[in-house]
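Structure file structure36.cif with mmCIF, C-alpha atoms, pLDDT in the B column; chains and numbers go by the auth columns:
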```cif
data_final
#
loop_
_atom_site.group_PDB
_atom_site.id
_atom_site.type_symbol
_atom_site.label_atom_id
_atom_site.label_comp_id
_atom_site.label_asym_id
_atom_site.label_seq_id
_atom_site.Cartn_x
_atom_site.Cartn_y
_atom_site.Cartn_z
_atom_site.B_iso_or_equiv
_atom_site.auth_seq_id
_atom_site.auth_asym_id
ATOM 1 C CA MET A 1 -4.887 -4.529 -24.066 85.00 271 A
ATOM 2 C CA LYS A 2 -2.747 -2.125 -22.085 93.00 272 A
ATOM 3 C CA PRO A 3 -1.185 -3.748 -19.005 96.00 273 A
ATOM 4 C CA ILE A 4 -1.463 -2.940 -15.357 97.00 274 A
ATOM 5 C CA TRP A 5 2.012 -1.937 -14.239 98.00 275 A
ATOM 6 C CA ILE A 6 3.213 -2.910 -10.774 98.00 276 A
ATOM 7 C CA ILE A 7 5.631 -0.166 -9.735 98.00 277 A
ATOM 8 C CA LYS A 8 8.145 -1.764 -7.393 98.00 278 A
ATOM 9 C CA ALA A 9 9.354 0.564 -4.630 98.00 279 A
ATOM 10 C CA GLY A 10 11.292 -1.948 -2.536 98.00 280 A
ATOM 11 C CA GLU A 11 11.732 -5.542 -1.407 98.00 281 A
ATOM 12 C CA THR A 12 10.201 -7.539 1.399 98.00 282 A
ATOM 13 C CA LEU A 13 12.258 -9.377 4.030 98.00 283 A
ATOM 14 C CA ALA A 14 14.971 -11.471 2.393 97.00 284 A
ATOM 15 C CA ASP A 15 13.994 -14.753 4.079 96.00 285 A
ATOM 16 C CA LEU A 16 10.337 -14.195 3.254 97.00 286 A
ATOM 17 C CA ALA A 17 11.150 -13.404 -0.383 97.00 287 A
ATOM 18 C CA ARG A 18 13.089 -16.648 -0.723 97.00 288 A
ATOM 19 C CA THR A 19 10.164 -18.758 0.451 96.00 289 A
ATOM 20 C CA HIS A 20 7.081 -16.798 -0.592 97.00 290 A
ATOM 21 C CA GLY A 21 8.123 -14.277 -3.253 97.00 291 A
ATOM 22 C CA ASP A 22 8.225 -10.485 -3.161 98.00 292 A
ATOM 23 C CA PHE A 23 5.711 -7.634 -3.083 98.00 293 A
ATOM 24 C CA GLU A 24 5.194 -7.647 -6.847 98.00 294 A
ATOM 25 C CA ASP A 25 4.639 -11.416 -6.868 98.00 295 A
ATOM 26 C CA TRP A 26 1.895 -11.165 -4.270 98.00 296 A
ATOM 27 C CA ILE A 27 0.197 -8.295 -6.091 98.00 297 A
ATOM 28 C CA ALA A 28 0.390 -10.166 -9.400 97.00 298 A
ATOM 29 C CA ALA A 29 -1.161 -13.217 -7.715 97.00 299 A
ATOM 30 C CA GLY A 30 -3.997 -11.014 -6.448 96.00 300 A
ATOM 31 C CA LEU A 31 -4.613 -9.826 -10.005 95.00 301 A
ATOM 32 C CA ALA A 32 -4.345 -13.327 -11.524 90.00 302 A
ATOM 33 C CA GLY A 33 -7.306 -14.392 -13.601 85.00 303 A
ATOM 34 C CA GLY A 34 -8.154 -10.863 -14.662 84.00 304 A
ATOM 35 C CA PRO A 35 -8.296 -9.783 -18.305 87.00 305 A
ATOM 36 C CA LEU A 36 -5.324 -7.408 -18.205 90.00 306 A
ATOM 37 C CA PRO A 37 -1.670 -8.389 -18.619 95.00 307 A
ATOM 38 C CA VAL A 38 0.654 -7.422 -15.772 96.00 308 A
ATOM 39 C CA GLN A 39 4.107 -5.840 -16.068 97.00 309 A
ATOM 40 C CA VAL A 40 6.611 -4.921 -13.354 98.00 310 A
ATOM 41 C CA HIS A 41 8.869 -1.869 -13.233 98.00 311 A
ATOM 42 C CA ASP A 42 11.409 -1.071 -10.505 98.00 312 A
ATOM 43 C CA ALA A 43 11.085 2.653 -9.804 98.00 313 A
ATOM 44 C CA ARG A 44 14.577 2.782 -8.315 97.00 314 A
ATOM 45 C CA ALA A 45 15.979 2.097 -11.780 97.00 315 A
ATOM 46 C CA GLY A 46 14.123 4.968 -13.471 97.00 316 A
ATOM 47 C CA LEU A 47 10.664 6.304 -14.188 97.00 317 A
ATOM 48 C CA PRO A 48 7.785 4.003 -15.155 97.00 318 A
ATOM 49 C CA PRO A 49 6.281 4.155 -18.645 97.00 319 A
ATOM 50 C CA ALA A 50 4.009 7.068 -19.471 97.00 320 A
ATOM 51 C CA PRO A 51 0.589 6.873 -17.811 96.00 321 A
ATOM 52 C CA ASP A 52 -1.158 6.688 -21.200 94.00 322 A
ATOM 53 C CA ALA A 53 0.744 3.464 -21.932 94.00 323 A
ATOM 54 C CA MET A 54 -0.938 1.584 -19.094 96.00 324 A
ATOM 55 C CA ALA A 55 -4.395 0.542 -17.962 96.00 325 A
ATOM 56 C CA GLY A 56 -3.399 1.301 -14.396 97.00 326 A
ATOM 57 C CA ALA A 57 -0.508 1.416 -11.924 98.00 327 A
ATOM 58 C CA ILE A 58 -0.066 -0.213 -8.512 98.00 328 A
ATOM 59 C CA VAL A 59 2.768 1.146 -6.348 98.00 329 A
ATOM 60 C CA THR A 60 4.143 -1.393 -3.869 98.00 330 A
ATOM 61 C CA GLY A 61 5.251 -1.115 -0.298 98.00 331 A
ATOM 62 C CA SER A 62 8.877 -0.566 0.675 98.00 332 A
ATOM 63 C CA HIS A 63 11.206 -0.593 3.656 98.00 333 A
ATOM 64 C CA ALA A 64 12.294 2.890 2.577 98.00 334 A
ATOM 65 C CA MET A 65 10.663 5.924 4.204 98.00 335 A
ATOM 66 C CA VAL A 66 8.882 8.616 2.217 98.00 336 A
ATOM 67 C CA SER A 67 10.233 11.272 4.595 97.00 337 A
ATOM 68 C CA GLU A 68 13.787 10.422 3.504 97.00 338 A
ATOM 69 C CA ARG A 69 12.998 12.051 0.128 98.00 339 A
ATOM 70 C CA ALA A 70 15.264 9.718 -1.859 98.00 340 A
ATOM 71 C CA ALA A 71 15.853 10.973 -5.413 98.00 341 A
ATOM 72 C CA TRP A 72 14.108 7.991 -7.025 98.00 342 A
ATOM 73 C CA SER A 73 11.146 8.395 -4.669 98.00 343 A
ATOM 74 C CA GLU A 74 10.741 12.098 -5.387 98.00 344 A
ATOM 75 C CA ALA A 75 10.935 11.347 -9.119 98.00 345 A
ATOM 76 C CA LEU A 76 8.203 8.731 -8.696 98.00 346 A
ATOM 77 C CA ALA A 77 6.129 11.264 -6.742 98.00 347 A
ATOM 78 C CA ALA A 78 6.326 13.652 -9.696 98.00 348 A
ATOM 79 C CA TRP A 79 5.312 10.809 -12.014 98.00 349 A
ATOM 80 C CA LEU A 80 2.324 10.073 -9.752 98.00 350 A
ATOM 81 C CA ARG A 81 1.203 13.703 -9.966 98.00 351 A
ATOM 82 C CA ASP A 82 1.196 13.410 -13.752 98.00 352 A
ATOM 83 C CA ALA A 83 -0.616 10.064 -13.616 98.00 353 A
ATOM 84 C CA VAL A 84 -3.357 11.475 -11.377 98.00 354 A
ATOM 85 C CA ALA A 85 -3.700 14.539 -13.617 97.00 355 A
ATOM 86 C CA ALA A 86 -4.049 12.215 -16.613 96.00 356 A
ATOM 87 C CA GLU A 87 -6.705 10.192 -14.732 95.00 357 A
ATOM 88 C CA CYS A 88 -4.686 6.995 -15.011 96.00 358 A
ATOM 89 C CA PRO A 89 -6.031 4.478 -12.460 97.00 359 A
ATOM 90 C CA VAL A 90 -3.556 4.333 -9.557 98.00 360 A
ATOM 91 C CA LEU A 91 -3.456 2.224 -6.400 98.00 361 A
ATOM 92 C CA GLY A 92 -0.773 3.028 -3.836 98.00 362 A
ATOM 93 C CA ILE A 93 -0.132 0.372 -1.178 98.00 363 A
ATOM 94 C CA CYS A 94 1.549 1.303 2.144 98.00 364 A
ATOM 95 C CA TYR A 95 4.648 3.179 0.903 98.00 365 A
ATOM 96 C CA GLY A 96 2.732 3.794 -2.334 98.00 366 A
ATOM 97 C CA HIS A 97 -0.183 5.181 -0.301 98.00 367 A
ATOM 98 C CA GLN A 98 2.115 7.534 1.582 98.00 368 A
ATOM 99 C CA LEU A 99 4.005 8.579 -1.549 98.00 369 A
ATOM 100 C CA LEU A 100 0.753 9.354 -3.354 98.00 370 A
ATOM 101 C CA ALA A 101 -0.321 11.573 -0.452 98.00 371 A
ATOM 102 C CA HIS A 102 3.082 13.286 -0.376 98.00 372 A
ATOM 103 C CA ALA A 103 3.034 13.801 -4.144 98.00 373 A
ATOM 104 C CA LEU A 104 -0.311 15.585 -3.962 98.00 374 A
ATOM 105 C CA GLY A 105 0.502 17.907 -1.071 98.00 375 A
ATOM 106 C CA GLY A 106 -0.116 15.738 1.988 98.00 376 A
ATOM 107 C CA GLU A 107 2.307 15.114 4.842 98.00 377 A
ATOM 108 C CA VAL A 108 3.983 11.848 5.874 98.00 378 A
ATOM 109 C CA GLY A 109 5.838 11.129 9.114 98.00 379 A
ATOM 110 C CA TYR A 110 6.724 8.524 11.718 97.00 380 A
ATOM 111 C CA ARG A 111 3.984 7.217 13.998 95.00 381 A
ATOM 112 C CA PRO A 112 4.708 8.476 17.546 91.00 382 A
ATOM 113 C CA GLN A 113 2.972 5.423 19.013 91.00 383 A
ATOM 114 C CA GLY A 114 5.276 3.037 17.166 92.00 384 A
ATOM 115 C CA PRO A 115 4.647 0.377 14.520 95.00 385 A
ATOM 116 C CA ASP A 116 1.172 -0.577 13.383 96.00 386 A
ATOM 117 C CA VAL A 117 1.561 -4.292 12.707 97.00 387 A
ATOM 118 C CA GLY A 118 -0.861 -7.214 12.483 98.00 388 A
ATOM 119 C CA THR A 119 -4.501 -7.723 11.587 98.00 389 A
ATOM 120 C CA VAL A 120 -6.610 -4.607 12.182 97.00 390 A
ATOM 121 C CA ASN A 121 -10.296 -3.858 11.805 97.00 391 A
ATOM 122 C CA VAL A 122 -10.675 -1.170 9.172 98.00 392 A
ATOM 123 C CA GLU A 123 -13.888 0.863 9.144 98.00 393 A
ATOM 124 C CA ARG A 124 -15.212 2.797 6.179 98.00 394 A
ATOM 125 C CA TYR A 125 -16.020 6.481 6.399 98.00 395 A
ATOM 126 C CA PRO A 126 -19.462 7.466 5.016 97.00 396 A
ATOM 127 C CA ALA A 127 -17.880 8.720 1.768 97.00 397 A
ATOM 128 C CA ALA A 128 -16.759 5.169 1.003 98.00 398 A
ATOM 129 C CA GLN A 129 -20.336 4.002 0.444 97.00 399 A
ATOM 130 C CA THR A 130 -20.340 5.379 -3.104 97.00 400 A
ATOM 131 C CA ASP A 131 -16.665 4.745 -3.864 97.00 401 A
ATOM 132 C CA PRO A 132 -16.010 2.480 -6.891 95.00 402 A
ATOM 133 C CA LEU A 133 -13.684 0.218 -4.867 97.00 403 A
ATOM 134 C CA PHE A 134 -14.735 0.577 -1.246 98.00 404 A
ATOM 135 C CA GLY A 135 -18.473 0.704 -1.862 97.00 405 A
ATOM 136 C CA ALA A 136 -18.574 -3.079 -2.309 94.00 406 A
ATOM 137 C CA LEU A 137 -16.642 -3.790 0.920 97.00 407 A
ATOM 138 C CA PRO A 138 -18.293 -4.305 4.300 97.00 408 A
ATOM 139 C CA ALA A 139 -18.573 -1.326 6.634 98.00 409 A
ATOM 140 C CA ARG A 140 -15.908 -3.036 8.761 98.00 410 A
ATOM 141 C CA PHE A 141 -13.356 -5.565 7.554 98.00 411 A
ATOM 142 C CA ALA A 142 -10.062 -7.135 8.632 98.00 412 A
ATOM 143 C CA ALA A 143 -6.874 -5.986 6.910 98.00 413 A
ATOM 144 C CA PRO A 144 -3.128 -6.656 7.253 98.00 414 A
ATOM 145 C CA MET A 145 -1.156 -3.647 8.428 98.00 415 A
ATOM 146 C CA VAL A 146 2.639 -3.175 8.618 98.00 416 A
ATOM 147 C CA HIS A 147 3.992 0.377 8.774 97.00 417 A
ATOM 148 C CA LEU A 148 6.177 2.724 10.786 97.00 418 A
ATOM 149 C CA GLN A 149 5.152 5.932 8.995 98.00 419 A
ATOM 150 C CA SER A 150 1.675 7.254 8.222 98.00 420 A
ATOM 151 C CA VAL A 151 -0.063 9.957 6.261 98.00 421 A
ATOM 152 C CA VAL A 152 -0.171 12.663 8.914 97.00 422 A
ATOM 153 C CA ARG A 153 -2.181 15.032 6.733 98.00 423 A
ATOM 154 C CA LEU A 154 -4.153 14.129 3.626 98.00 424 A
ATOM 155 C CA PRO A 155 -3.913 16.203 0.439 98.00 425 A
ATOM 156 C CA SER A 156 -6.558 18.917 0.362 97.00 426 A
ATOM 157 C CA THR A 157 -8.193 17.233 -2.642 96.00 427 A
ATOM 158 C CA ALA A 158 -8.398 13.788 -0.989 98.00 428 A
ATOM 159 C CA VAL A 159 -11.547 11.998 0.148 98.00 429 A
ATOM 160 C CA ALA A 160 -10.959 9.927 3.294 98.00 430 A
ATOM 161 C CA LEU A 161 -12.382 6.432 2.815 98.00 431 A
ATOM 162 C CA ALA A 162 -11.359 4.316 5.809 98.00 432 A
ATOM 163 C CA HIS A 163 -9.705 4.330 9.214 98.00 433 A
ATOM 164 C CA HIS A 164 -8.996 2.123 12.184 95.00 434 A
ATOM 165 C CA ALA A 165 -8.441 2.762 15.880 91.00 435 A
ATOM 166 C CA GLN A 166 -4.845 3.939 15.476 89.00 436 A
ATOM 167 C CA GLU A 167 -4.853 5.099 11.865 95.00 437 A
ATOM 168 C CA PRO A 168 -7.244 7.863 10.733 96.00 438 A
ATOM 169 C CA HIS A 169 -6.010 7.726 7.137 98.00 439 A
ATOM 170 C CA ALA A 170 -6.168 4.012 6.295 98.00 440 A
ATOM 171 C CA ALA A 171 -7.449 4.764 2.785 98.00 441 A
ATOM 172 C CA PHE A 172 -8.228 7.749 0.574 98.00 442 A
ATOM 173 C CA ARG A 173 -9.105 8.635 -3.006 98.00 443 A
ATOM 174 C CA VAL A 174 -8.079 11.609 -5.115 98.00 444 A
ATOM 175 C CA GLY A 175 -10.056 12.377 -8.256 96.00 445 A
ATOM 176 C CA PRO A 176 -12.049 9.649 -9.977 94.00 446 A
ATOM 177 C CA CYS A 177 -9.475 6.860 -10.020 93.00 447 A
ATOM 178 C CA ALA A 178 -6.462 7.247 -7.697 98.00 448 A
ATOM 179 C CA TRP A 179 -6.473 5.426 -4.354 98.00 449 A
ATOM 180 C CA GLY A 180 -4.077 5.038 -1.471 98.00 450 A
ATOM 181 C CA VAL A 181 -4.410 2.237 1.095 98.00 451 A
ATOM 182 C CA GLN A 182 -2.191 1.990 4.156 98.00 452 A
ATOM 183 C CA PHE A 183 -3.004 -1.690 4.584 98.00 453 A
ATOM 184 C CA HIS A 184 -1.640 -4.527 2.450 98.00 454 A
ATOM 185 C CA PRO A 185 -4.309 -6.249 0.313 98.00 455 A
ATOM 186 C CA GLU A 186 -1.595 -8.506 -1.135 98.00 456 A
ATOM 187 C CA PHE A 187 -0.339 -9.912 2.197 98.00 457 A
ATOM 188 C CA SER A 188 -0.915 -13.525 3.212 97.00 458 A
ATOM 189 C CA LEU A 189 -0.948 -14.718 6.817 97.00 459 A
ATOM 190 C CA PRO A 190 2.670 -15.972 6.533 97.00 460 A
ATOM 191 C CA ALA A 191 3.744 -12.539 5.300 98.00 461 A
ATOM 192 C CA VAL A 192 2.165 -10.711 8.243 98.00 462 A
ATOM 193 C CA GLN A 193 3.521 -13.342 10.630 98.00 463 A
ATOM 194 C CA ALA A 194 7.038 -12.773 9.301 98.00 464 A
ATOM 195 C CA TYR A 195 6.775 -9.021 9.899 98.00 465 A
ATOM 196 C CA VAL A 196 5.431 -9.493 13.434 98.00 466 A
ATOM 197 C CA ASP A 197 8.444 -11.682 14.181 97.00 467 A
ATOM 198 C CA HIS A 198 10.833 -9.277 12.451 97.00 468 A
ATOM 199 C CA LEU A 199 9.525 -6.294 14.423 97.00 469 A
ATOM 200 C CA ALA A 200 9.055 -8.145 17.731 97.00 470 A
ATOM 201 C CA GLU A 201 11.668 -6.137 19.634 97.00 471 A
ATOM 202 C CA THR A 202 10.358 -2.836 18.257 96.00 472 A
ATOM 203 C CA LEU A 203 6.860 -3.831 19.346 96.00 473 A
ATOM 204 C CA ARG A 204 8.118 -4.593 22.857 97.00 474 A
ATOM 205 C CA GLN A 205 9.875 -1.224 23.012 96.00 475 A
ATOM 206 C CA HIS A 206 6.513 0.434 22.393 95.00 476 A
ATOM 207 C CA GLY A 207 4.674 -1.599 25.023 95.00 477 A
ATOM 208 C CA MET A 208 3.145 -4.172 22.705 96.00 478 A
ATOM 209 C CA ASP A 209 3.239 -7.942 23.082 97.00 479 A
ATOM 210 C CA PRO A 210 4.349 -9.691 19.862 98.00 480 A
ATOM 211 C CA ALA A 211 2.723 -12.965 20.961 98.00 481 A
ATOM 212 C CA SER A 212 -0.652 -11.246 21.366 98.00 482 A
ATOM 213 C CA VAL A 213 -0.281 -9.561 17.970 98.00 483 A
ATOM 214 C CA ARG A 214 0.599 -12.934 16.442 97.00 484 A
ATOM 215 C CA ASP A 215 -2.358 -14.687 18.091 97.00 485 A
ATOM 216 C CA ALA A 216 -4.762 -12.062 16.744 97.00 486 A
ATOM 217 C CA LEU A 217 -3.766 -12.583 13.096 98.00 487 A
ATOM 218 C CA GLN A 218 -6.581 -13.747 10.839 97.00 488 A
ATOM 219 C CA PRO A 219 -7.400 -14.148 7.135 97.00 489 A
ATOM 220 C CA THR A 220 -8.279 -10.905 5.335 98.00 490 A
ATOM 221 C CA PRO A 221 -10.338 -11.815 2.240 98.00 491 A
ATOM 222 C CA HIS A 222 -12.170 -8.488 2.025 98.00 492 A
ATOM 223 C CA ALA A 223 -8.908 -6.544 1.954 98.00 493 A
ATOM 224 C CA ALA A 224 -7.576 -8.943 -0.697 98.00 494 A
ATOM 225 C CA ALA A 225 -10.659 -8.265 -2.833 97.00 495 A
ATOM 226 C CA LEU A 226 -9.393 -4.739 -3.418 97.00 496 A
ATOM 227 C CA LEU A 227 -6.833 -5.907 -6.014 97.00 497 A
ATOM 228 C CA PRO A 228 -9.274 -7.583 -8.451 96.00 498 A
ATOM 229 C CA ALA A 229 -11.713 -4.721 -7.831 96.00 499 A
ATOM 230 C CA PHE A 230 -9.050 -2.250 -8.928 97.00 500 A
ATOM 231 C CA ALA A 231 -8.335 -4.319 -12.059 95.00 501 A
ATOM 232 C CA ASP A 232 -12.054 -4.451 -12.892 93.00 502 A
ATOM 233 C CA TRP A 233 -12.268 -0.672 -12.453 93.00 503 A
ATOM 234 C CA ALA A 234 -9.296 -0.200 -14.790 92.00 504 A
ATOM 235 C CA VAL A 235 -10.969 -2.398 -17.423 90.00 505 A
ATOM 236 C CA ALA A 236 -14.219 -0.469 -17.129 88.00 506 A
ATOM 237 C CA ARG A 237 -12.365 2.821 -17.312 83.00 507 A
ATOM 238 C CA ALA A 238 -10.522 1.754 -20.466 80.00 508 A
ATOM 239 C CA ALA A 239 -13.801 0.729 -22.117 75.00 509 A
ATOM 240 C CA ARG A 240 -15.308 4.220 -21.853 73.00 510 A
#
```

I'd like the structure from this file rewritten - as C-alpha cells, please.
Amino acid sequence: MKPIWIIKAGETLADLARTHGDFEDWIAAGLAGGPLPVQVHDARAGLPPAPDAMAGAIVTGSHAMVSERAAWSEALAAWLRDAVAAECPVLGICYGHQLLAHALGGEVGYRPQGPDVGTVNVERYPAAQTDPLFGALPARFAAPMVHLQSVVRLPSTAVALAHHAQEPHAAFRVGPCAWGVQFHPEFSLPAVQAYVDHLAETLRQHGMDPASVRDALQPTPHAAALLPAFADWAVARAAR
C-alpha cells in the first residue's frame, strides 16, 4: 500500500525532542495501528515525492514563519498546490495549516494579540457537520494550540470548519480531501507544557499569566482523534 508521508517542516524545542521525540514522531504515534505505512521527508532538504506516490501527506508544525517566505517553504507551497489539484489527501498542522492557506491564495500574518498557547475550546462551524473528519467530532472539544502567526484570510475556495474565541480560522478544508488545522492533534500534555514554559516571558509581555495557562491544560483526546480519522479517510479514498 502507498504510505502516508509526514512532511517535516521544522523541529520542536531541543530539550523536548531529547526526552519526548519530535513532531514527526508524535504524528507517527498518532497514526500507529493504522493499515498504512508511514514515511518521513524533510521539506527543507528538497521536495516530497509526487502526490500520486502517496496515500496522503501530513505537513508538520515549525518554528519558522510562513510570512518569511523561505525558499524551501515556497517550494513546498507549490507542491501543496499540485497535491490539492491532484486530490491527494493532505493534512496541514499549525505551520502546515498556514502554508496550505498561503499556497492556495490565503493570507498569513502575526497575531496582534500575541501567542495563542495552551488548551483551547474549539467549536465547529455548521459546515463541519458533514465534513469527513470533523463530522465525527463533538460540536465543542479541547485542543492544544501553540502559534504566533495565524491565517488572517482563508483561500476563497476554503470551507471554514472550526474556530475558538481568539482564532476564527482554527480549521478549514479545500476540495474533497485537503485540511488545515491550527491546533496540534499530535501534542501531548508534556509538549504543551514545555511550550507554555518556553513562551512564558512572551505571554507576560502580552498580559497573560503563564501559571494560569499551565493550570488550564487538559487532555485533548478528541483533537488527537483527527490523526487516525485522516488515515482512515486516506484508506477509503485509495479504495475507490

Would you pick out the contacts of Glu393 in chain A at 10 Å or less, using all atoms listed in the file, so that residues sharing its chain but fewer than 6 positions from it are not included, and give the list as a PDB file with C-alpha atoms, in the frame of the given file?
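As written to disk, part31.pdb reads:
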```
ATOM      1  CA  LEU A 407     -16.642  -3.790   0.920  1.00 97.00           C
ATOM      2  CA  PRO A 408     -18.293  -4.305   4.300  1.00 97.00           C
ATOM      3  CA  ALA A 409     -18.573  -1.326   6.634  1.00 98.00           C
ATOM      4  CA  ARG A 410     -15.908  -3.036   8.761  1.00 98.00           C
ATOM      5  CA  PHE A 411     -13.356  -5.565   7.554  1.00 98.00           C
ATOM      6  CA  ALA A 412     -10.062  -7.135   8.632  1.00 98.00           C
ATOM      7  CA  LEU A 431     -12.382   6.432   2.815  1.00 98.00           C
ATOM      8  CA  ALA A 432     -11.359   4.316   5.809  1.00 98.00           C
ATOM      9  CA  HIS A 433      -9.705   4.330   9.214  1.00 98.00           C
ATOM     10  CA  HIS A 434      -8.996   2.123  12.184  1.00 95.00           C
ATOM     11  CA  ALA A 435      -8.441   2.762  15.880  1.00 91.00           C
ATOM     12  CA  PRO A 438      -7.244   7.863  10.733  1.00 96.00           C
ATOM     13  CA  ALA A 440      -6.168   4.012   6.295  1.00 98.00           C
ATOM     14  CA  ALA A 441      -7.449   4.764   2.785  1.00 98.00           C
TER      15      ALA A 441
END
```

Notebook entry, point to check: Which residues fall under the PyMOL selection byres ((chain A and resi 495-508) around 7) in this file, as a count of residues only?
Noted result: 13

Can you spell out as a compact mmCIF listing (two decimals) with C-alpha atoms, keeping the file's coordinate frame the set of residues that the PyMOL selection byres ((chain A and resi 478) around 12) selects in the structure I just provided?
```txt
# COMPACT_ATOMS: atom_id res chain seq x y z
CA GLN A 383 2.97 5.42 19.01
CA GLY A 384 5.28 3.04 17.17
CA PRO A 385 4.65 0.38 14.52
CA ASP A 386 1.17 -0.58 13.38
CA VAL A 387 1.56 -4.29 12.71
CA GLY A 388 -0.86 -7.21 12.48
CA VAL A 466 5.43 -9.49 13.43
CA LEU A 469 9.52 -6.29 14.42
CA ALA A 470 9.06 -8.14 17.73
CA GLU A 471 11.67 -6.14 19.63
CA THR A 472 10.36 -2.84 18.26
CA LEU A 473 6.86 -3.83 19.35
CA ARG A 474 8.12 -4.59 22.86
CA GLN A 475 9.88 -1.22 23.01
CA HIS A 476 6.51 0.43 22.39
CA GLY A 477 4.67 -1.60 25.02
CA ASP A 479 3.24 -7.94 23.08
CA PRO A 480 4.35 -9.69 19.86
CA ALA A 481 2.72 -12.96 20.96
CA SER A 482 -0.65 -11.25 21.37
CA VAL A 483 -0.28 -9.56 17.97
CA ARG A 484 0.60 -12.93 16.44
```

Item checked: Pick from A:Pro273, A:Glu456, A:Phe404, A:Gly450 nearest to Asp295 in chain A, counting only C-alpha atoms -> A:Glu456

Next item on the list: One decimal, Å: what's the distance from CA of Val451 in chain A over to CA of Gly366 in chain A, could you say?
Entry: 8.1 Å
